[in-house]
Protein chains: 4
Amino acid sequence: MSLRKKKIEKKKEEILRSAAEVLSEKGYHGATMEDIATKLLMTKGSMYYYFKNKEDLYYQCHKMMIDKSNEKIEEIINSNKSAIEKLSSAIVSHIQLATTEKTMFSLMDKPEQKFSGEYLADILQQRSDYEKYFDKIINEGIETGEFDNVDVKLLRLLILGSLNWILEWYSPEGGKTQDEISEAFSDYLLRIVKK
Amino acid sequence: MSLRKKKIEKKKEEILRSAAEVLSEKGYHGATMEDIATKLLMTKGSMYYYFKNKEDLYYQCHKMMIDKSNEKIEEIINSNKSAIEKLSSAIVSHIQLATTEKTMFSLMDKPEQKFSGEYLADILQQRSDYEKYFDKIINEGIETGEFDNVDVKLLRLLILGSLNWILEWYSPEGGKTQDEISEAFSDYLLRIVKK
Amino acid sequence: MSLRKKKIEKKKEEILRSAAEVLSEKGYHGATMEDIATKLLMTKGSMYYYFKNKEDLYYQCHKMMIDKSNEKIEEIINSNKSAIEKLSSAIVSHIQLATTEKTMFSLMDKPEQKFSGEYLADILQQRSDYEKYFDKIINEGIETGEFDNVDVKLLRLLILGSLNWILEWYSPEGGKTQDEISEAFSDYLLRIVKK
Amino acid sequence: MSLRKKKIEKKKEEILRSAAEVLSEKGYHGATMEDIATKLLMTKGSMYYYFKNKEDLYYQCHKMMIDKSNEKIEEIINSNKSAIEKLSSAIVSHIQLATTEKTMFSLMDKPEQKFSGEYLADILQQRSDYEKYFDKIINEGIETGEFDNVDVKLLRLLILGSLNWILEWYSPEGGKTQDEISEAFSDYLLRIVKK
DNA sequence: AATGAATGAGGGTTCATTCAT
DNA sequence: TATGAATGAACCCTCATTCAT
């Protein structure tokens, strides 16, 4: 990648982070291109140099986040840990990411209301990938006998539901720290599968 | 209540049900008053005979749903069941309501992005009431010794998160029936608290 | 006129008076049929039993007022007074009417912005009649030698302008009484014509 | 001021002049943003680049005009003329402005029906300033003995009333020229105060 | 004689998007 | 690269008017 390309890439990410904040705070339809541009000390028009349109901007925000999530969980999957440890790690990792990058993370909600066509298919695929990783861990646990014989899909939905919901209530100033939440949630959720 | 009042009330509810469908499908900002009216074979303007504005319409949808939820859970709370049975019932009831009235239920998400001022305060209060009921059940279980000594608030957040998330994936045509989901979720979630 | 007709006529005038108040306060376009109906403890729809439409309602308000004005000035014209006394009386009478019926009187402003076609022509004719009466008095004064030789039209415009403007600032609670205003204005305005 | 700012200022004034014509012809409520835009070969939406909303546009029209009026009268006040000459000049100046800029001038009517809150207070203040200048001249004349001992406020109301009313009847094609009107009105009105 | 309900045309305003500079 | 200016489609909402009852 040329230096120029890299610089653009850098700028793009800077925009993405800032855009994500506004977008997650006001919602996709609630946030205007102007809102986003203002926060970046740019003008509305300039944004179109970097992004094709609003949907594209949103998509890139989304992608940036899901890539990070997938990276992390792949790492966990490929480690030498036991299934229990893997599931615990995945839960903790998800929470850490969600709470640290609350703003960006919360973009990932209700994609059907924001995306259409090509973009939507892509987004759903990426999500599905992430979910598959969880299924993989759970299946592994069942096979090794570490886990009880649960309904894999339903359990995964339960777990991810409880984790994703954290965005709805977590606040850095709020009562619980990230670590407290991580510990409690991984403890509680593992109780479901442990024999 | 006069006959006229009753008729108007009936019409209002009819509108609400239909509106909820459109609103939950397209989101608050995504759905237009025209969309909603068209579905009812009405005109945009007519809606304003029954509702002050879009926010008001949305608010009423919301209220209708949360009233039902609160009614149900109050019934459970006041019953003679054990804490375990109460929690299980509350979970099942929540799932039944959420899946049966998926469209209306899903309106209850992210109120800060849709409401402001008076309305928002009201909504948040109603939500908080519902959550308090769950806390009450959990506390009861701890006191009677039925439940393990958990962090009440975090557990409640975990449970409600996993339940609310059902809206994101449940589909009547999908793989699992309401009952299967209810059974699995109440089973799994109770494992967390049972000693 | 039958008794029934008379009753309708009565009701009409009642509506007119009340309507005029709202109309003059909020302006023709600013006042809604609902505003007017509410004040009369009626419903919007009922107004259409008495009046063809908003323009018609406004027109009738207008007519009611100008008829009164013309009546009074005709009386003055046909009296046995001197021109000076007639002009003075006309001024005083105009002020009394304008201040007593401030609300209705102020409807008579800028008819071109509110009326069209048939209505407009009618209104302008009625206005013109009233103005002609003033001209007549002034001409009479010049002929009898009571008045200086002024430009009749310009003087009439000056006088009526200053009188009509009273609506813009007169308030029953304000500093000056109707009589003080009447006296001062007739005194000042007569100074212009007196030799 | 930068070149850009100047250009925008220029455009704003261009819009204001054109808007004033439409607004004064059709009235505030009668004129639509579309009407105004069309006349400028612009689109409705573009107007919002320059003005916050309709009320703002109207306010700026108003302000532009009253600033001019105040400028002129201040000049007169600060001159070395006698009170009689000052009053005469003020009358002539007012007439010249009103007839030359008939369209914009006529916007200044009935502000309570068009403005609210902040805007209204501002407008009323500006008006009041202008009136105070007239009072000052009249008081000066009384003090120097040039004028008869009149009721200052009532006389000012009489004078400004007759002047403002000119807008209701003046037409460039009509019978009287600006100068004829100016001469007649200042002559007539001064007769009131001259000893 | 009155009204509840519905309508639809139109108004103000917002905003994603474009494009010349 | 960046932006100022313009656009136009779409949205929410208002309101005069109608009409069955």
# chains A, B, ... in the order shown; residues from 1 in each chain; ligands from 1
>>> residues_around(residues="stretch 15-17 of chain F", least_positions_apart="3", cutoff="10 Å", atoms="only C-alpha atoms (C1' of nucleotides)", output="PyMOL selection string")
(chain B and resi 45) or (chain C and resi 32-34+44-45+48+52-54) or (chain E and resi 7-10)
>>> residues_around(residues="stretch 17-21 of chain B", least_positions_apart="2", cutoff="7 Å", atoms="only C-alpha atoms (C1' of nucleotides)", output="VMD selection string")
chain B and resid 13 to 15 23 to 25 36 40 61 103 to 104
>>> write_last_selection(atoms="C-alpha atoms", output="PDB file, in the first residue's frame")
ATOM      1  CA  GLU B  13     -56.323   0.660  19.351  1.00  0.00           C
ATOM      2  CA  GLU B  14     -56.858  -0.496  15.805  1.00  0.00           C
ATOM      3  CA  ILE B  15     -54.526   2.206  14.620  1.00  0.00           C
ATOM      4  CA  LEU B  23     -42.988   1.145  13.187  1.00  0.00           C
ATOM      5  CA  SER B  24     -41.266  -1.960  14.389  1.00  0.00           C
ATOM      6  CA  GLU B  25     -40.472  -3.062  10.893  1.00  0.00           C
ATOM      7  CA  ILE B  36     -48.831   3.841   8.698  1.00  0.00           C
ATOM      8  CA  LEU B  40     -55.004   1.268   7.520  1.00  0.00           C
ATOM      9  CA  CYS B  61     -47.987   2.078  21.150  1.00  0.00           C
ATOM     10  CA  THR B 103     -44.050  -6.152  16.439  1.00  0.00           C
ATOM     11  CA  MET B 104     -45.311  -4.086  19.303  1.00  0.00           C
TER      12      MET B 104
END
>>> residues_around(residues="D:Ile159", least_positions_apart="5", cutoff="12 Å", atoms="only C-alpha atoms (C1' of nucleotides)", output="PyMOL selection string")
(chain C and resi 158-166+185+188-189) or (chain D and resi 87-88+90-92+94-95+131+134-135+138+152-154+164-166+185-193)
>>> closest_residue(among="D:Lys39, D:His29, D:Leu107, D:Glu143", to="D:Ile123", atoms="only C-alpha atoms")
D:Leu107
>>> closest_residue(among="B:Glu168, B:Asp148, B:Glu183, B:Asp129", to="chain A", atoms="only C-alpha atoms")
B:Glu168
>>> residues_around(residues="B:Leu120", least_positions_apart="5", cutoff="9 Å", atoms="only C-alpha atoms (C1' of nucleotides)", output="ChimeraX atom specification")
/B:59,111-112,114-115,125
>>> write_last_selection(atoms="N, CA and C atoms", output="CSV table (one decimal), in the first residue's frame")
chain,number,residue,atom,x,y,z
B,59,TYR,N,-45.7,6.8,21.3
B,59,TYR,CA,-45.7,6.7,22.8
B,59,TYR,C,-46.9,5.8,23.2
B,111,PRO,N,-35.4,4.0,23.7
B,111,PRO,CA,-36.4,5.1,23.7
B,111,PRO,C,-35.7,6.5,23.7
B,112,GLU,N,-34.4,6.6,24.0
B,112,GLU,CA,-33.8,7.9,24.0
B,112,GLU,C,-33.6,8.4,22.6
B,114,LYS,N,-35.9,8.2,20.4
B,114,LYS,CA,-37.2,8.5,19.8
B,114,LYS,C,-38.0,9.5,20.6
B,115,PHE,N,-37.8,9.4,21.9
B,115,PHE,CA,-38.6,10.3,22.7
B,115,PHE,C,-37.8,11.4,23.3
B,125,GLN,N,-39.7,5.6,33.2
B,125,GLN,CA,-40.3,5.2,34.5
B,125,GLN,C,-41.0,3.9,34.4
